[in-house]
Amino acid sequence: MPRTPCLFEDLPLLRYRLLLSLALPLLLAHLLWGWARGRQSRTGLAERLGGLPSGPSQPLPHTARPVWLHAASNGELTSARPVLDWLVTQGHSLLITTNSATGQDLARNWREAGSLPPGTRIVLAPLDARWVLRRFLRHHRPSALIVIENEIWPNRFALMQEANHPCLMLGARLSEGSARFWQRLSPGNVLAGLTAVSAQEAASEARFLRLGVLATHLLPRINLKTAVVPQNLPPLAPWPADWTRQNTWLAASTHEGEEELILEAFSTALASRPELRLILAPRHPRRAAEITRMITTRGFTLARRSQGEPPSGPVYLADTLGEMGHWYGRSAACFTGASFVPKGGHTPFEPLVYGCALFHGPHFENAREAYERLDACGGARLLPDADALAQAMATLTQPDFRAMSDAARSGLPETDPAYLSGFLTQLAPLIPPPDV
């Protein structure tokens with residue numbers, strides 16, 4: 001696929017750079033304030049400004065030229081796992097950037113567990129200022145940039161294209177509001193320099209075309225979150241015999257305001273079904289102390305994964321990152337978090353891969369199309385409140401869960417691994433060979 005020359009001097013890009021230059025002092029002040037308050041480490045600050053995570057400020061050796069993959073945080077990074085695994089099988093070294101410390105922690109957990117190469121470099125994403133990016137590119141020397149979902153950073157794209165390195169957006173999602181924002185901010189071909197774009201769905205694809213992406217640079221649509229593969233994790237120590245999968249519910253990636261509701265529902269259901277078990281896996285493990293109080297206040301014996309403890313009561317706090325595969329694999333039913341509170345809901349695809357029956361609250365805007373299809377075919381169920389969750393926990397059993405799992409597979413055929421395999425094959429000619 002031919003590459004469009006970098007629009008380095010194009011008016012829309014110059015307008016974006018002018019506005020960013022005006023905002024940059026505020027961004028730098030925010031970073032320094034976070035460092036002064038202990039919310040940002042010295043290393044994190046250096047990474048945001050394009051420096052190396054540790055050691056002298058030296059470029060990587062020529063033979064370690066990596067593919068740069070950027071994902072905003074945990075959800076996007078998890079969806080990118082098949083792409084990361086494929087890059088490793090192709091012999092590429094990796095540079096992973098995220099916008100969040102939790103995303104960094106997730107990638108580091110993968111590296112420590114051996115599912116990413118030990119030389120994988122994991123840093124916070126640099127600011128989109130040219131002097132920061134030039135420093136970043138000089139240090140890390142990436143051969144290509146792969147952006148997951150909806151991260152639009154025109155200077156990153158322009159400088160990579162200026163160096164004749166490909167830029168790809170995969171599983172790209174763009175709302176109508178975001179499209180209008182970019183049109184107002186930088187009308188014109190500000191994204192025409194992208195080498196290739198694969199949108200999640202037709203509406204996003206049309207918006208990218210409107211922003212200047214060339215039709216010849218479109219790849220087949222894909223939602224990477226439908227292409228989740230089971231994680232290869234070290235086995236857990238044996239669990240108590242009364243923790244059977246058929247009686248275990250998982251509350252996955254919960255947010256503030258949800259755990260109380262879920263524990264209330266579980267307590268109600270447990271009164272009539274004492275064999276029930278609950279794994280509570282918060283989105284942010286740093287909230288573990290707060291959730292611990294909720295659990296112990298209800299009289300449950302506390303056991304925490306972060307302390308290496310096996311379950312010792314009917315509730316288990318899975319307060320770690322990078323281990324969701326364990327909890328999906330041990331649960332017959334999964335309630336997806338961020339859906340009892342107005343956060344838009346987490347995507348349904350990962351629990352479905354593990355055969356979990358899927359339940360969600362009324363807030364599911366982030367994956368509305370998928371949830372509506374699943375709800376319509378019986379592959380998922382909307383629970384409007386804690387009372388409905390308690391009723392489901394108290395009455396549904398393994399045959400119900402199996403029927404829901406079977407319906408979900410027929411309702412979302414694009415989750416077939418063969419679709420992803422064919423898509424990845426098309427990426428190979430767009431990325432330079434390893435260490436070029």
# chains A, B, ... in the order shown; residues from 1 in each chain; ligands from 1
call {"tool": "residues_around", "arguments": {"residues": "Ser198 in chain A", "least_positions_apart": "3", "cutoff": "12 Å", "atoms": "only C-alpha atoms", "output": "PyMOL selection string"}}
result
chain A and resi 146-150+167-174+194-195+201-202+204-206+208-209+213-224+423-424+426-427
call {"tool": "residues_around", "arguments": {"residues": "Phe157 in chain A", "least_positions_apart": "2", "cutoff": "7 Å", "atoms": "only C-alpha atoms", "output": "list of chain:residue names"}}
result
A:Trp153, A:Pro154, A:Asn155, A:Leu159, A:Met160, A:Gln161, A:Cys167, A:Gly193, A:Leu194
call {"tool": "closest_residue", "arguments": {"among": "A:Gly337, A:Gly355, A:Pro166, A:Gly257", "to": "Leu280 in chain A", "atoms": "only C-alpha atoms"}}
result
A:Gly337
call {"tool": "residues_around", "arguments": {"residues": "Arg273 in chain A", "least_positions_apart": "6", "cutoff": "12 Å", "atoms": "only C-alpha atoms", "output": "MDAnalysis selection string"}}
result
chainID A and resid 247:248 266:267 314 390:397
call {"tool": "write_last_selection", "arguments": {"atoms": "C-alpha atoms", "output": "mmCIF file, in the first residue's frame"}}
result
data_model
loop_
_atom_site.group_PDB
_atom_site.id
_atom_site.type_symbol
_atom_site.label_atom_id
_atom_site.label_comp_id
_atom_site.auth_asym_id
_atom_site.auth_seq_id
_atom_site.Cartn_x
_atom_site.Cartn_y
_atom_site.Cartn_z
ATOM 1 C CA ASN A 247 -21.741 -22.009 41.390
ATOM 2 C CA THR A 248 -19.293 -19.118 40.906
ATOM 3 C CA PHE A 266 -24.882 -11.604 46.502
ATOM 4 C CA SER A 267 -25.755 -11.507 50.216
ATOM 5 C CA PRO A 314 -17.815 -17.155 49.798
ATOM 6 C CA ALA A 390 -29.919 -10.998 43.268
ATOM 7 C CA GLN A 391 -32.796 -12.752 41.507
ATOM 8 C CA ALA A 392 -30.496 -14.026 38.749
ATOM 9 C CA MET A 393 -27.925 -15.265 41.252
ATOM 10 C CA ALA A 394 -30.581 -17.037 43.297
ATOM 11 C CA THR A 395 -32.425 -18.773 40.453
ATOM 12 C CA LEU A 396 -30.167 -19.382 37.426
ATOM 13 C CA THR A 397 -28.131 -22.580 37.214
#
call {"tool": "closest_residue", "arguments": {"among": "A:Pro362, A:Pro274, A:Gly411, A:Pro118", "to": "Ala376 in chain A", "atoms": "only C-alpha atoms"}}
result
A:Gly411
call {"tool": "closest_residue", "arguments": {"among": "A:Pro282, A:Gly91, A:Gly75, A:Gly44", "to": "Pro433 in chain A", "atoms": "only C-alpha atoms"}}
result
A:Gly91
call {"tool": "atom_distance", "arguments": {"atom1": "CA of Glu260 in chain A", "atom2": "CA of Ala386 in chain A"}}
result
9.3 Å
call {"tool": "atom_distance", "arguments": {"atom1": "CA of Ala80 in chain A", "atom2": "CA of Val228 in chain A"}}
result
8.4 Å
call {"tool": "select_by_dssp", "arguments": {"residues": "range 155-358 of chain A", "states": "alpha helix (DSSP H)", "output": "ChimeraX atom specification"}}
result
/A:155-162,176-185,202-210,259-272,288-297,324-329,349-353
call {"tool": "write_last_selection", "arguments": {"atoms": "C-alpha atoms", "output": "short mmCIF file (atom, residue, chain, number, x, y, z; two decimals), in the first residue's frame"}}
result
data_model
loop_
_atom_site.label_atom_id
_atom_site.label_comp_id
_atom_site.auth_asym_id
_atom_site.auth_seq_id
_atom_site.Cartn_x
_atom_site.Cartn_y
_atom_site.Cartn_z
CA ASN A 155 2.24 14.97 15.52
CA ARG A 156 3.06 11.32 16.21
CA PHE A 157 1.64 10.36 12.85
CA ALA A 158 3.40 13.21 11.03
CA LEU A 159 6.87 12.62 12.50
CA MET A 160 6.69 8.88 11.92
CA GLN A 161 5.61 9.49 8.33
CA GLU A 162 8.34 12.11 7.94
CA GLU A 176 -19.57 11.76 15.81
CA GLY A 177 -18.66 14.22 18.55
CA SER A 178 -14.95 13.45 18.22
CA ALA A 179 -15.14 13.75 14.45
CA ARG A 180 -16.74 17.20 14.75
CA PHE A 181 -14.05 18.24 17.25
CA TRP A 182 -11.23 17.31 14.90
CA GLN A 183 -12.95 18.97 11.97
CA ARG A 184 -13.27 22.22 13.91
CA LEU A 185 -9.75 22.01 15.29
CA ALA A 202 -19.10 1.45 9.15
CA ALA A 203 -19.98 4.70 10.95
CA SER A 204 -16.44 5.18 12.30
CA GLU A 205 -15.00 4.33 8.90
CA ALA A 206 -17.10 7.04 7.24
CA ARG A 207 -15.91 9.60 9.82
CA PHE A 208 -12.26 8.75 9.23
CA LEU A 209 -12.79 9.23 5.49
CA ARG A 210 -14.36 12.60 6.26
CA GLU A 259 -19.26 -3.18 44.58
CA GLU A 260 -21.80 -2.26 47.27
CA LEU A 261 -24.67 -3.14 44.93
CA ILE A 262 -23.07 -6.42 43.88
CA LEU A 263 -22.29 -7.46 47.46
CA GLU A 264 -25.85 -6.57 48.47
CA ALA A 265 -27.25 -8.75 45.68
CA PHE A 266 -24.88 -11.60 46.50
CA SER A 267 -25.76 -11.51 50.22
CA THR A 268 -29.45 -11.72 49.36
CA ALA A 269 -28.94 -14.66 46.98
CA LEU A 270 -26.60 -16.45 49.36
CA ALA A 271 -29.34 -16.67 51.97
CA SER A 272 -31.30 -19.03 49.70
CA ALA A 288 -8.63 -2.78 47.38
CA ALA A 289 -8.62 -1.26 50.89
CA GLU A 290 -11.97 0.41 50.28
CA ILE A 291 -13.50 -2.79 48.89
CA THR A 292 -12.00 -4.83 51.72
CA ARG A 293 -14.03 -2.77 54.18
CA MET A 294 -17.20 -3.44 52.21
CA ILE A 295 -16.56 -7.18 52.29
CA THR A 296 -15.68 -7.45 55.97
CA THR A 297 -18.54 -5.14 56.99
CA MET A 324 -8.65 -11.85 34.43
CA GLY A 325 -8.26 -15.07 32.45
CA HIS A 326 -8.09 -16.98 35.72
CA TRP A 327 -11.34 -15.49 36.98
CA TYR A 328 -13.27 -15.93 33.73
CA GLY A 329 -12.10 -19.53 33.59
CA PHE A 349 -16.03 -10.24 24.34
CA GLU A 350 -13.45 -11.51 26.82
CA PRO A 351 -15.90 -13.30 29.14
CA LEU A 352 -17.61 -14.84 26.11
CA VAL A 353 -14.31 -16.36 24.94
#
call {"tool": "closest_residue", "arguments": {"among": "A:Ala418, A:Val67, A:Ala357, A:Leu191", "to": "Arg245 in chain A", "atoms": "only C-alpha atoms"}}
result
A:Ala357
call {"tool": "select_by_dssp", "arguments": {"residues": "range 323-396 of chain A", "states": "strand (DSSP E)", "output": "VMD selection string"}}
result
chain A and resid 333 to 336 357 to 360 380 to 382
call {"tool": "residues_around", "arguments": {"residues": "Thr102 in chain A", "least_positions_apart": "6", "cutoff": "9 Å", "atoms": "only C-alpha atoms", "output": "number ranges by chain"}}
result
A: 73-74, 284-285, 321
call {"tool": "write_last_selection", "arguments": {"atoms": "N, CA, C and O atoms", "output": "compact mmCIF listing (two decimals), in the first residue's frame"}}
result
# COMPACT_ATOMS: atom_id res chain seq x y z
N SER A 73 -5.20 2.38 27.67
CA SER A 73 -5.16 1.81 29.01
C SER A 73 -5.46 0.32 28.95
O SER A 73 -5.29 -0.32 27.90
N ASN A 74 -5.96 -0.24 30.05
CA ASN A 74 -6.09 -1.70 30.18
C ASN A 74 -6.96 -2.32 29.10
O ASN A 74 -6.59 -3.35 28.51
N HIS A 284 -9.70 -1.13 39.24
CA HIS A 284 -8.51 -0.49 39.77
C HIS A 284 -8.14 -1.14 41.10
O HIS A 284 -8.75 -0.84 42.14
N PRO A 285 -7.14 -2.02 41.11
CA PRO A 285 -6.76 -2.69 42.37
C PRO A 285 -6.35 -1.74 43.48
O PRO A 285 -6.38 -2.13 44.65
N LEU A 321 -3.72 -7.18 38.59
CA LEU A 321 -3.90 -6.89 37.17
C LEU A 321 -3.34 -8.04 36.34
O LEU A 321 -2.42 -8.74 36.77
call {"tool": "atom_distance", "arguments": {"atom1": "CA of Val83 in chain A", "atom2": "CA of Thr425 in chain A"}}
result
10.8 Å
call {"tool": "closest_residue", "arguments": {"among": "A:Leu250, A:His255, A:Gln398, A:Arg134", "to": "Phe359 in chain A", "atoms": "only C-alpha atoms"}}
result
A:Leu250
